[in-house]
$ cat entry_1.cif   # mmCIF, C-alpha atoms
data_upload
#
loop_
_atom_site.label_atom_id
_atom_site.label_comp_id
_atom_site.auth_asym_id
_atom_site.auth_seq_id
_atom_site.Cartn_x
_atom_site.Cartn_y
_atom_site.Cartn_z
CA MET A 11 259.48 49.94 -21.01
CA ASN A 12 261.98 50.90 -23.67
CA THR A 13 264.36 52.94 -21.49
CA SER A 14 265.99 54.61 -24.49
CA ARG A 15 262.56 55.83 -25.57
CA PRO A 16 260.68 56.50 -22.33
CA ILE A 17 257.94 58.68 -23.80
CA ARG A 18 255.05 56.45 -24.82
CA ALA A 19 251.64 57.10 -26.33
CA THR A 20 248.85 54.66 -27.09
CA TYR A 21 246.32 55.26 -29.86
CA LEU A 22 243.18 53.78 -31.28
CA ILE A 23 243.54 53.68 -35.06
CA GLU A 24 241.45 52.61 -38.02
CA THR A 25 242.98 52.24 -41.47
CA ALA A 26 242.63 50.46 -44.80
CA PHE A 27 246.42 50.10 -44.97
CA LEU A 28 248.35 47.23 -43.43
CA LEU A 29 248.59 47.94 -39.71
CA GLU A 30 252.38 47.73 -39.69
CA GLN A 31 252.58 50.17 -42.61
CA ALA A 32 250.11 52.57 -41.00
CA SER A 33 252.01 52.46 -37.71
CA GLU A 34 255.24 53.23 -39.53
CA ILE A 35 253.56 56.24 -41.13
CA MET A 36 252.58 57.49 -37.67
CA ALA A 37 256.04 56.94 -36.22
CA GLY A 38 257.77 58.63 -39.14
CA GLU A 39 255.44 61.64 -39.24
CA GLN A 40 255.94 62.28 -35.53
CA SER A 41 259.73 61.88 -35.45
CA SER A 42 262.42 61.90 -38.13
CA GLY A 43 260.52 60.93 -41.29
CA THR A 44 258.18 62.46 -43.84
CA PHE A 45 256.35 61.26 -46.97
CA VAL A 46 259.58 60.76 -48.95
CA LYS A 47 263.15 59.80 -48.09
CA THR A 48 265.26 62.90 -47.41
CA PRO A 49 269.07 63.12 -47.54
CA GLY A 50 269.35 64.16 -43.91
CA GLU A 51 267.54 61.11 -42.57
CA THR A 52 270.61 58.95 -42.16
CA ASP A 53 270.63 55.55 -40.52
CA GLU A 54 272.51 57.08 -37.60
CA LEU A 55 269.89 59.81 -37.16
CA LYS A 56 267.04 57.30 -37.35
CA GLU A 57 268.73 55.07 -34.78
CA ARG A 58 268.91 57.97 -32.39
CA HIS A 59 265.67 59.87 -33.02
CA ALA A 60 263.07 57.78 -34.86
CA ALA A 61 259.94 56.82 -32.96
CA HIS A 62 259.55 53.09 -32.36
CA ILE A 63 256.47 50.93 -32.69
CA GLU A 64 256.16 49.17 -29.33
CA SER A 65 253.00 47.17 -29.96
CA ILE A 66 250.05 46.66 -32.29
CA GLU A 67 246.90 45.06 -30.88
CA VAL A 68 244.20 44.19 -33.42
CA ILE A 69 240.70 45.05 -32.19
CA GLY A 70 238.40 44.51 -35.16
CA GLU A 71 237.44 45.72 -38.61
CA THR A 72 234.69 47.54 -40.46
CA SER A 73 233.65 48.03 -44.06
CA GLN A 74 232.94 51.75 -43.66
CA PRO A 75 235.40 54.48 -42.59
CA SER A 76 234.57 56.26 -39.35
CA LEU A 77 235.83 59.64 -40.62
CA PRO A 78 235.61 61.36 -44.01
CA GLY A 79 238.56 62.29 -46.19
CA THR A 80 240.27 58.93 -45.80
CA ARG A 81 242.74 57.58 -48.34
CA VAL A 82 242.91 53.88 -49.22
CA PRO A 83 245.81 51.94 -50.79
CA ARG A 84 246.25 52.54 -54.52
CA GLY A 85 244.11 50.21 -56.59
CA GLU A 86 241.95 49.12 -53.63
CA THR A 87 238.27 49.22 -54.60
CA SER A 88 236.65 47.38 -51.68
CA PRO A 89 238.73 48.30 -48.65
CA THR A 90 238.42 46.80 -45.20
CA TYR A 91 239.28 49.15 -42.36
CA GLN A 92 241.20 47.46 -39.56
CA GLN A 93 240.99 48.81 -36.02
CA ALA A 94 243.85 48.45 -33.55
CA LYS A 95 245.60 49.87 -30.51
CA VAL A 96 249.09 51.07 -31.35
CA THR A 97 251.77 52.19 -28.90
CA LEU A 98 254.66 54.36 -30.06
CA SER A 99 257.72 55.49 -28.11
CA TRP A 100 260.19 58.37 -28.41
CA PRO A 101 263.52 59.31 -26.87
CA LEU A 102 263.43 62.15 -24.36
CA GLU A 103 266.11 63.79 -26.50
CA ASN A 104 263.53 64.54 -29.20
CA VAL A 105 261.35 66.58 -26.87
CA GLY A 106 263.13 67.64 -23.73
CA THR A 107 260.83 68.39 -20.83
CA ASN A 108 258.57 70.76 -22.71
CA LEU A 109 254.84 70.04 -22.58
CA SER A 110 254.01 71.99 -25.72
CA ASN A 111 256.63 70.13 -27.75
CA LEU A 112 255.46 66.90 -26.16
CA MET A 113 251.93 67.45 -27.44
CA ALA A 114 253.24 68.32 -30.90
CA THR A 115 255.08 64.99 -30.79
CA VAL A 116 252.36 62.67 -29.50
CA ALA A 117 249.49 64.44 -31.28
CA GLY A 118 250.54 67.10 -33.77
CA ASN A 119 249.59 66.27 -37.36
CA LEU A 120 248.54 62.71 -36.63
CA PHE A 121 244.83 63.48 -36.66
CA GLU A 122 245.06 64.81 -40.22
CA LEU A 123 246.89 61.87 -41.81
CA ALA A 124 244.83 60.65 -44.78
CA PRO A 125 245.54 56.89 -44.38
CA PHE A 126 243.57 56.90 -41.11
CA SER A 127 239.80 56.76 -40.86
CA ALA A 128 240.04 57.00 -37.05
CA LEU A 129 242.82 58.06 -34.72
CA LYS A 130 242.44 58.83 -31.02
CA LEU A 131 245.12 59.38 -28.38
CA LEU A 132 244.23 57.08 -25.51
CA ASP A 133 247.05 57.56 -23.03
CA ILE A 134 250.50 59.02 -22.42
CA THR A 135 253.29 57.69 -20.22
CA LEU A 136 256.12 60.05 -19.32
CA PRO A 137 259.48 59.64 -17.58
CA ASP A 138 260.24 61.19 -14.17
CA ALA A 139 262.12 64.00 -15.92
CA PHE A 140 258.79 65.76 -16.54
CA ARG A 141 257.91 65.77 -12.85
CA GLN A 142 261.35 67.15 -12.11
CA ALA A 143 260.73 69.97 -14.60
CA TYR A 144 257.12 70.76 -13.67
CA PRO A 145 256.08 71.18 -10.02
CA GLY A 146 252.50 70.21 -10.81
CA THR A 147 249.66 70.72 -8.36
CA GLN A 148 250.40 73.15 -5.54
CA PHE A 149 247.39 72.52 -3.28
CA GLY A 150 245.43 69.51 -4.51
CA THR A 151 242.62 68.11 -2.38
CA GLN A 152 244.37 68.29 0.99
CA GLY A 153 245.58 71.84 0.53
CA THR A 154 242.13 72.93 -0.63
CA ARG A 155 240.53 71.27 2.40
CA GLU A 156 242.92 73.12 4.69
CA LEU A 157 241.90 76.45 3.20
CA ILE A 158 238.27 75.69 4.02
CA GLY A 159 238.95 74.03 7.37
CA MET A 160 236.58 71.15 6.79
CA PRO A 161 236.30 67.47 7.76
CA ASP A 162 236.98 64.42 5.62
CA ARG A 163 234.08 64.56 3.16
CA PRO A 164 233.59 65.85 -0.37
CA ILE A 165 233.96 69.56 -0.98
CA ILE A 166 230.39 70.56 -1.81
CA GLY A 167 229.85 73.50 -4.08
CA THR A 168 227.88 75.25 -6.75
CA ILE A 169 228.17 77.60 -9.71
CA ILE A 170 226.76 81.10 -9.82
CA LYS A 171 223.51 80.97 -11.80
CA PRO A 172 222.36 82.60 -14.02
CA SER A 173 225.75 82.10 -15.68
CA VAL A 174 225.79 85.68 -17.00
CA GLY A 175 223.67 88.75 -16.36
CA LEU A 176 224.07 89.26 -12.62
CA SER A 177 225.77 92.42 -11.43
CA PRO A 178 228.68 92.13 -8.97
CA GLU A 179 226.31 93.12 -6.18
CA GLN A 180 223.71 90.53 -7.19
CA THR A 181 226.43 87.90 -7.36
CA ALA A 182 227.55 88.80 -3.86
CA GLN A 183 223.99 88.54 -2.56
CA GLN A 184 223.73 85.01 -3.94
CA VAL A 185 227.11 84.12 -2.44
CA GLU A 186 225.97 85.35 0.97
CA THR A 187 222.90 83.11 0.90
CA LEU A 188 224.92 80.10 -0.23
CA ILE A 189 227.69 80.37 2.35
CA GLU A 190 225.22 81.06 5.16
CA ALA A 191 223.63 77.74 4.14
CA GLY A 192 226.98 76.03 4.75
CA LEU A 193 228.38 75.66 1.23
CA ASP A 194 232.13 75.02 0.96
CA PHE A 195 232.89 76.19 -2.57
CA ILE A 196 231.40 78.53 -5.17
CA LYS A 197 232.74 79.41 -8.58
CA ASP A 198 232.13 81.72 -11.47
CA ASP A 199 230.54 80.06 -14.45
CA GLU A 200 233.07 79.61 -17.24
CA LEU A 201 231.10 82.15 -19.30
CA MET A 202 231.80 84.85 -16.74
CA GLY A 203 235.11 86.68 -17.02
CA ASP A 204 235.81 90.41 -17.08
CA SER A 205 232.59 91.46 -18.76
CA PRO A 206 231.18 95.00 -19.02
CA HIS A 207 228.16 94.08 -16.89
CA SER A 208 230.30 92.43 -14.18
CA PRO A 209 233.89 93.73 -14.27
CA PHE A 210 236.35 91.34 -12.67
CA GLU A 211 237.68 93.63 -9.92
CA ARG A 212 234.22 94.90 -8.95
CA ARG A 213 233.00 91.30 -8.69
CA VAL A 214 235.99 90.33 -6.53
CA ASP A 215 235.40 93.34 -4.26
CA ALA A 216 231.71 92.57 -3.78
CA VAL A 217 232.08 88.82 -3.27
CA MET A 218 235.10 88.98 -0.98
CA ALA A 219 233.44 91.59 1.24
CA VAL A 220 230.71 89.02 1.93
CA ILE A 221 233.12 86.09 2.38
CA ASN A 222 235.50 88.03 4.62
CA ARG A 223 232.63 89.13 6.90
CA TYR A 224 231.49 85.50 7.12
CA ALA A 225 235.04 84.36 7.96
CA ASP A 226 235.34 86.98 10.71
CA ARG A 227 232.12 85.68 12.31
CA HIS A 228 232.63 81.93 11.86
CA GLY A 229 236.39 81.44 11.80
CA LYS A 230 236.36 79.63 8.45
CA LYS A 231 236.38 80.91 4.90
CA PRO A 232 234.41 79.30 2.06
CA ILE A 233 236.18 79.31 -1.29
CA PHE A 234 235.13 81.32 -4.32
CA ALA A 235 236.95 80.53 -7.58
CA PHE A 236 237.14 83.67 -9.71
CA ASN A 237 237.48 83.06 -13.45
CA LEU A 238 240.62 84.96 -14.45
CA SER A 239 240.97 83.39 -17.92
CA GLY A 240 242.58 85.72 -20.43
CA ASP A 241 245.95 86.80 -21.74
CA ILE A 242 248.82 85.73 -19.49
CA ASP A 243 249.64 89.20 -18.15
CA ASP A 244 245.95 89.79 -17.40
CA MET A 245 245.70 86.45 -15.57
CA LEU A 246 248.69 87.22 -13.38
CA ARG A 247 247.33 90.69 -12.56
CA ARG A 248 243.89 89.26 -11.74
CA HIS A 249 245.45 86.59 -9.55
CA ASP A 250 247.23 89.27 -7.56
CA TYR A 251 244.01 91.22 -7.12
CA VAL A 252 242.15 88.18 -5.81
CA LEU A 253 245.00 87.44 -3.39
CA LYS A 254 245.09 91.05 -2.18
CA GLN A 255 241.35 91.01 -1.45
CA GLY A 256 241.65 87.82 0.60
CA GLY A 257 240.47 85.39 -2.07
CA THR A 258 241.53 81.76 -1.91
CA CYS A 259 241.09 80.34 -5.43
CA VAL A 260 241.28 81.26 -9.11
CA MET A 261 239.78 79.49 -12.09
CA ALA A 262 240.99 79.15 -15.67
CA SER A 263 239.56 77.58 -18.83
CA LEU A 264 242.23 74.97 -19.57
CA ASN A 265 241.59 74.47 -23.27
CA TRP A 266 241.58 78.17 -24.13
CA VAL A 267 244.29 79.41 -21.79
CA GLY A 268 246.47 76.49 -22.89
CA ILE A 269 249.30 74.48 -21.44
CA SER A 270 251.79 77.35 -21.32
CA GLY A 271 249.22 79.69 -19.79
CA ILE A 272 248.50 77.26 -16.95
CA ALA A 273 252.20 76.55 -16.43
CA LYS A 274 252.97 80.27 -16.16
CA LEU A 275 250.04 80.85 -13.84
CA ARG A 276 251.25 77.97 -11.65
CA GLN A 277 254.74 79.50 -11.40
CA HIS A 278 253.17 82.75 -10.19
CA SER A 279 250.20 81.57 -8.17
CA GLN A 280 249.81 81.52 -4.41
CA LEU A 281 246.28 80.15 -4.77
CA PRO A 282 244.73 76.88 -5.98
CA ILE A 283 244.05 76.75 -9.72
CA HIS A 284 240.58 75.44 -10.54
CA GLY A 285 240.83 73.96 -14.03
CA HIS A 286 237.65 74.07 -16.12
CA ARG A 287 237.72 71.88 -19.23
CA ASN A 288 234.96 73.62 -21.24
CA GLY A 289 235.33 72.68 -24.89
CA TRP A 290 236.18 69.11 -23.90
CA GLY A 291 233.66 67.66 -26.34
CA LEU A 292 235.87 68.77 -29.23
CA TYR A 293 238.45 66.22 -28.09
CA SER A 294 236.32 63.50 -26.57
CA ARG A 295 232.86 63.22 -28.11
CA SER A 296 233.88 61.08 -31.07
CA GLU A 297 235.28 57.60 -30.56
CA ALA A 298 237.15 58.09 -33.84
CA ILE A 299 239.23 61.18 -33.10
CA GLY A 300 240.53 63.28 -30.24
CA LEU A 301 241.99 62.21 -26.92
CA GLU A 302 241.02 60.44 -23.73
CA PHE A 303 240.85 62.21 -20.39
CA SER A 304 243.78 60.31 -18.86
CA ALA A 305 246.15 61.96 -21.34
CA PHE A 306 244.54 65.36 -20.80
CA GLN A 307 244.84 64.99 -17.03
CA THR A 308 248.49 64.02 -17.24
CA ILE A 309 249.36 67.16 -19.18
CA PHE A 310 247.37 69.69 -17.16
CA SER A 311 248.29 68.23 -13.78
CA LEU A 312 251.94 68.64 -14.74
CA ALA A 313 251.22 72.19 -15.90
CA GLY A 314 249.82 72.92 -12.44
CA ALA A 315 246.03 72.65 -12.20
CA ASP A 316 244.88 71.69 -8.68
CA HIS A 317 241.30 70.77 -9.65
CA ILE A 318 240.07 69.48 -13.02
CA HIS A 319 236.46 68.99 -14.13
CA THR A 320 235.50 65.41 -14.97
CA ASN A 321 231.74 65.59 -15.57
CA GLY A 322 229.43 63.51 -13.38
CA ILE A 323 227.29 60.39 -13.35
CA ARG A 324 224.01 60.74 -15.29
CA ASN A 325 225.15 64.11 -16.54
CA LYS A 326 223.37 66.50 -18.89
CA PHE A 327 225.99 65.96 -21.60
CA CYS A 328 226.73 62.99 -23.84
CA GLU A 329 229.51 61.36 -21.81
CA THR A 330 228.83 57.88 -20.45
CA ASP A 331 229.01 57.02 -16.77
CA GLU A 332 231.85 54.59 -17.50
CA SER A 333 233.91 57.37 -19.08
CA VAL A 334 233.19 59.71 -16.16
CA ILE A 335 234.29 57.12 -13.62
CA ARG A 336 237.52 56.48 -15.56
CA SER A 337 238.20 60.22 -15.54
CA ILE A 338 237.62 60.55 -11.79
CA LYS A 339 239.93 57.62 -11.10
CA ALA A 340 242.58 59.09 -13.42
CA CYS A 341 242.58 62.24 -11.29
CA LEU A 342 242.87 60.31 -8.03
CA SER A 343 245.49 57.78 -9.21
CA PRO A 344 247.22 59.03 -12.36
CA GLN A 345 249.15 56.37 -14.27
CA GLY A 346 250.99 58.32 -16.93
CA GLY A 347 253.49 60.34 -14.93
CA GLY A 348 251.24 63.25 -13.96
CA TYR A 349 250.13 64.38 -10.51
CA PRO A 350 246.98 63.57 -8.54
CA VAL A 351 244.41 66.35 -8.78
CA THR A 352 240.99 66.97 -7.29
CA PRO A 353 238.28 65.65 -9.62
CA VAL A 354 235.47 68.18 -10.00
CA ILE A 355 232.18 66.38 -10.49
CA SER A 356 229.51 68.54 -12.09
CA SER A 357 226.94 68.78 -14.91
CA GLY A 358 223.37 67.93 -14.03
CA GLN A 359 224.27 66.73 -10.54
CA TRP A 360 221.84 66.72 -7.65
CA ALA A 361 221.48 64.71 -4.46
CA GLU A 362 220.69 61.38 -6.14
CA GLN A 363 224.07 60.80 -7.81
CA ALA A 364 226.04 61.09 -4.53
CA TYR A 365 225.47 57.43 -3.62
CA ASP A 366 226.40 56.05 -7.06
CA THR A 367 229.47 58.26 -7.27
CA TYR A 368 230.76 57.08 -3.91
CA GLU A 369 229.99 53.45 -4.74
CA ALA A 370 231.98 53.72 -7.96
CA ILE A 371 235.12 55.43 -6.66
CA GLN A 372 235.16 54.73 -2.89
CA SER A 373 236.72 58.11 -2.16
CA VAL A 374 235.64 61.52 -0.89
CA ASP A 375 238.66 63.32 -2.31
CA LEU A 376 236.56 65.27 -4.77
CA MET A 377 234.47 68.35 -5.41
CA TYR A 378 230.76 67.81 -5.97
CA LEU A 379 229.31 70.85 -7.72
CA CYS A 380 225.61 71.25 -8.31
CA GLY A 381 224.38 74.24 -10.29
CA GLY A 382 220.66 73.82 -10.81
CA GLY A 383 220.78 70.93 -8.33
CA ILE A 384 221.19 73.55 -5.60
CA THR A 385 220.05 76.86 -7.06
CA GLY A 386 216.90 75.32 -8.59
CA HIS A 387 215.83 73.42 -5.46
CA PRO A 388 212.14 74.12 -4.74
CA GLY A 389 212.90 74.81 -1.09
CA GLY A 390 215.40 77.54 -1.94
CA LEU A 391 219.19 77.77 -1.92
CA ALA A 392 219.64 76.71 1.70
CA ALA A 393 217.47 73.63 1.20
CA GLY A 394 219.41 72.82 -1.97
CA VAL A 395 222.71 72.91 -0.09
CA ARG A 396 221.31 70.80 2.74
CA SER A 397 219.98 68.17 0.32
CA ILE A 398 223.49 67.61 -1.07
CA GLN A 399 225.08 67.49 2.37
CA LEU A 400 222.53 64.93 3.53
CA ALA A 401 222.98 62.87 0.38
CA TRP A 402 226.74 62.60 0.90
CA GLU A 403 226.42 61.84 4.59
CA GLY A 404 224.09 59.02 3.61
CA ALA A 405 226.26 57.79 0.75
CA MET A 406 229.23 57.39 3.07
CA LYS A 407 227.01 55.17 5.26
CA GLY A 408 225.73 53.13 2.32
CA GLN A 409 222.38 54.93 2.07
CA THR A 410 220.68 56.30 -1.03
CA ILE A 411 218.51 59.41 -0.92
CA TYR A 412 215.48 57.14 -1.13
CA ASP A 413 216.52 55.69 2.22
CA LEU A 414 216.64 59.25 3.61
CA GLN A 415 213.50 60.80 2.16
CA GLY A 416 211.26 59.84 5.07
CA ASP A 417 213.28 61.97 7.50
CA HIS A 418 214.23 64.97 5.39
CA GLU A 419 211.96 67.43 3.60
CA GLU A 420 214.91 68.76 1.58
CA ILE A 421 215.44 65.29 0.10
CA ARG A 422 211.74 64.76 -0.62
CA GLN A 423 211.52 68.08 -2.45
CA ALA A 424 214.61 67.25 -4.50
CA ILE A 425 213.18 63.89 -5.54
CA GLU A 426 209.87 65.46 -6.53
CA LEU A 427 211.59 67.99 -8.83
CA TYR A 428 214.73 66.34 -10.17
CA GLY A 429 213.62 62.72 -10.03
CA ASN A 430 211.16 63.23 -12.89
CA ARG A 431 213.75 64.57 -15.33
#

$ encode --input "entry_1.cif" --output "structure tokens"
Amino acid sequence: MNTSRPIRATYLIETAFLLEQASEIMAGEQSSGTFVKTPGETDELKERHAAHIESIEVIGETSQPSLPGTRVPRGETSPTYQQAKVTLSWPLENVGTNLSNLMATVAGNLFELAPFSALKLLDITLPDAFRQAYPGTQFGTQGTRELIGMPDRPIIGTIIKPSVGLSPEQTAQQVETLIEAGLDFIKDDELMGDSPHSPFERRVDAVMAVINRYADRHGKKPIFAFNLSGDIDDMLRRHDYVLKQGGTCVMASLNWVGISGIAKLRQHSQLPIHGHRNGWGLYSRSEAIGLEFSAFQTIFSLAGADHIHTNGIRNKFCETDESVIRSIKACLSPQGGGYPVTPVISSGQWAEQAYDTYEAIQSVDLMYLCGGGITGHPGGLAAGVRSIQLAWEGAMKGQTIYDLQGDHEEIRQAIELYGNR
């Protein structure tokens, strides 16, 4: 690594310009240069602050641009668009240890540059100075396990469904059924916040009354993650209310609360921060623009999220299984200078995917959340919970649910309903 420029970012680009020229445009735009030479950009300043091009790896070419609004070299009538991976580097002096300034540096205006018909941030590598400045995850998987008091297996959970419409009292009734069935973790849907039909404090009161009674009887406390997303002062106040009522987790929508919001919440929080990535498709769905999860995870783990959603295998969204597996592994073994976090596997999950998930990652340091995969189970909520527990017990022994169906009605019912979808 270039030790004088320890901040590195790798991109996928597509351009009709010469790759070296296009890379220089990127480096200049994101450091000391602009579209014309300026008097202040001296050789001495460039030597100290200009971004460097570390590598250019040609991938391929195409005759059609991947994105609209693309500019081609002057006079070019039949352009060829080259595709490449480009790595740039910056001195720490340009940024300091400030995550917001970092993102302005490695992303910023790059996605709008007209010479590029595709540009996607693939990865970030940061120096140790960022870990010294940001404490990162406070609880992670081990700390979350300790709050539940559970053995070495996945944390199995669900989402309150319907996502909106239930009163605080109806939510608490559902929570009671789920925890009596043995569920470890429950969370608000990301759509639920401090709504008129379910005010935040009333929901906390109702849910925690149920959970605290259960804890008094059983000596262990399932986790409920209350969605406190909002303005920073509101988030801090809501955190304190959850803590006061005996709650053990809060949830925030990472993309909408933002880096600074999560960092401030982490400074204040005495509870795990469950990071929901709703809106992720804006950044990831296109291969031509946006960012990869590994970069996203690096930033938000530094900011302080303990758990981050990764999607799941054979999910209901558009993300491929290969992308999901990369995301889970990025959480477990981050490469860019961030912290390990708990991957939260969700989206169209039911008992079947437990085996494939375990085969792919060979770890149980994860949350496995099933919304309809539990709440829609034909045998009821308790049978839904049991089907997931059985599936993971089998997966850790090398068994699929089809190996288990002969002995377990909960598995047979799940296959009959979900297996036909």

$ resolve_selection --input "entry_1.cif" --expression "the PyMOL selection byres ((chain A and resi 129) around 7)" --output "list in words"
Tyr21, Leu22, Ile23, Glu24, Phe121, Phe126, Ser127, Ala128, Lys130, Leu131, Ala298 and Ile299 of chain A

$ residues_around --input "entry_1.cif" --residues "Ala124 in chain A" --least-positions-apart "6" --cutoff "10 Å" --atoms "all atoms listed in the file" --output "list of chain:residue names"
A:Thr25, A:Leu77, A:Pro78, A:Gly79, A:Thr80, A:Arg81, A:Val82

$ resolve_selection --input "entry_1.cif" --expression "the PyMOL selection byres ((chain A and resi 84-92) around 7)" --output "ChimeraX atom specification"
/A:24-26,70-75,82-83,93-94

$ resolve_selection --input "entry_1.cif" --expression "the PyMOL selection byres ((chain A and resi 403-413) around 7)" --output "list in words"
Glu362, Ala364, Tyr365, Tyr368, Gln399, Leu400, Ala401, Trp402, Leu414, Gln415 and Ile421 of chain A

$ write_last_selection --input "entry_1.cif" --atoms "C-alpha atoms" --output "PDB file, in the coordinates of the input"
ATOM      1  CA  GLU A 362     220.690  61.380  -6.140  1.00  0.00           C
ATOM      2  CA  ALA A 364     226.040  61.090  -4.530  1.00  0.00           C
ATOM      3  CA  TYR A 365     225.470  57.430  -3.620  1.00  0.00           C
ATOM      4  CA  TYR A 368     230.760  57.080  -3.910  1.00  0.00           C
ATOM      5  CA  GLN A 399     225.080  67.490   2.370  1.00  0.00           C
ATOM      6  CA  LEU A 400     222.530  64.930   3.530  1.00  0.00           C
ATOM      7  CA  ALA A 401     222.980  62.870   0.380  1.00  0.00           C
ATOM      8  CA  TRP A 402     226.740  62.600   0.900  1.00  0.00           C
ATOM      9  CA  LEU A 414     216.640  59.250   3.610  1.00  0.00           C
ATOM     10  CA  GLN A 415     213.500  60.800   2.160  1.00  0.00           C
ATOM     11  CA  ILE A 421     215.440  65.290   0.100  1.00  0.00           C
TER      12      ILE A 421
END

$ closest_residue --input "entry_1.cif" --among "A:Gly153, A:Gly38, A:Gly429, A:Gly347" --to "Trp100 in chain A" --atoms "only C-alpha atoms"
A:Gly38

$ decode --input "entry_1.cif" --residues "range 232-269 of chain A" --atoms "C-alpha atoms" --output "PDB file, in the first residue's frame"
ATOM      1  CA  PRO A 232     -35.719 -12.013  24.547  1.00  0.00           C
ATOM      2  CA  ILE A 233     -34.696  -8.926  22.602  1.00  0.00           C
ATOM      3  CA  PHE A 234     -37.069  -6.469  20.972  1.00  0.00           C
ATOM      4  CA  ALA A 235     -35.486  -3.857  18.683  1.00  0.00           C
ATOM      5  CA  PHE A 236     -37.567  -0.674  18.787  1.00  0.00           C
ATOM      6  CA  ASN A 237     -37.269   1.539  15.707  1.00  0.00           C
ATOM      7  CA  LEU A 238     -36.194   4.923  17.058  1.00  0.00           C
ATOM      8  CA  SER A 239     -35.244   6.445  13.677  1.00  0.00           C
ATOM      9  CA  GLY A 240     -35.754  10.192  13.557  1.00  0.00           C
ATOM     10  CA  ASP A 241     -34.005  13.454  14.308  1.00  0.00           C
ATOM     11  CA  ILE A 242     -30.926  13.000  16.479  1.00  0.00           C
ATOM     12  CA  ASP A 243     -32.392  14.507  19.651  1.00  0.00           C
ATOM     13  CA  ASP A 244     -35.508  12.357  19.245  1.00  0.00           C
ATOM     14  CA  MET A 245     -33.381   9.221  18.778  1.00  0.00           C
ATOM     15  CA  LEU A 246     -31.391   9.890  21.933  1.00  0.00           C
ATOM     16  CA  ARG A 247     -34.572  10.544  23.930  1.00  0.00           C
ATOM     17  CA  ARG A 248     -36.200   7.372  22.588  1.00  0.00           C
ATOM     18  CA  HIS A 249     -33.091   5.353  23.399  1.00  0.00           C
ATOM     19  CA  ASP A 250     -33.262   6.543  26.987  1.00  0.00           C
ATOM     20  CA  TYR A 251     -36.928   5.597  27.228  1.00  0.00           C
ATOM     21  CA  VAL A 252     -36.266   2.073  25.954  1.00  0.00           C
ATOM     22  CA  LEU A 253     -33.388   1.689  28.430  1.00  0.00           C
ATOM     23  CA  LYS A 254     -35.527   2.963  31.320  1.00  0.00           C
ATOM     24  CA  GLN A 255     -38.277   0.445  30.541  1.00  0.00           C
ATOM     25  CA  GLY A 256     -35.803  -2.450  30.520  1.00  0.00           C
ATOM     26  CA  GLY A 257     -35.399  -2.739  26.756  1.00  0.00           C
ATOM     27  CA  THR A 258     -32.252  -4.268  25.322  1.00  0.00           C
ATOM     28  CA  CYS A 259     -32.009  -3.066  21.700  1.00  0.00           C
ATOM     29  CA  VAL A 260     -32.803  -0.135  19.427  1.00  0.00           C
ATOM     30  CA  MET A 261     -33.098  -0.044  15.658  1.00  0.00           C
ATOM     31  CA  ALA A 262     -32.298   2.687  13.150  1.00  0.00           C
ATOM     32  CA  SER A 263     -32.684   3.038   9.382  1.00  0.00           C
ATOM     33  CA  LEU A 264     -29.042   3.524   8.361  1.00  0.00           C
ATOM     34  CA  ASN A 265     -29.564   5.233   5.023  1.00  0.00           C
ATOM     35  CA  TRP A 266     -32.020   7.817   6.330  1.00  0.00           C
ATOM     36  CA  VAL A 267     -30.534   8.496   9.752  1.00  0.00           C
ATOM     37  CA  GLY A 268     -27.107   8.771   8.112  1.00  0.00           C
ATOM     38  CA  ILE A 269     -23.524   8.280   9.162  1.00  0.00           C
TER      39      ILE A 269
END
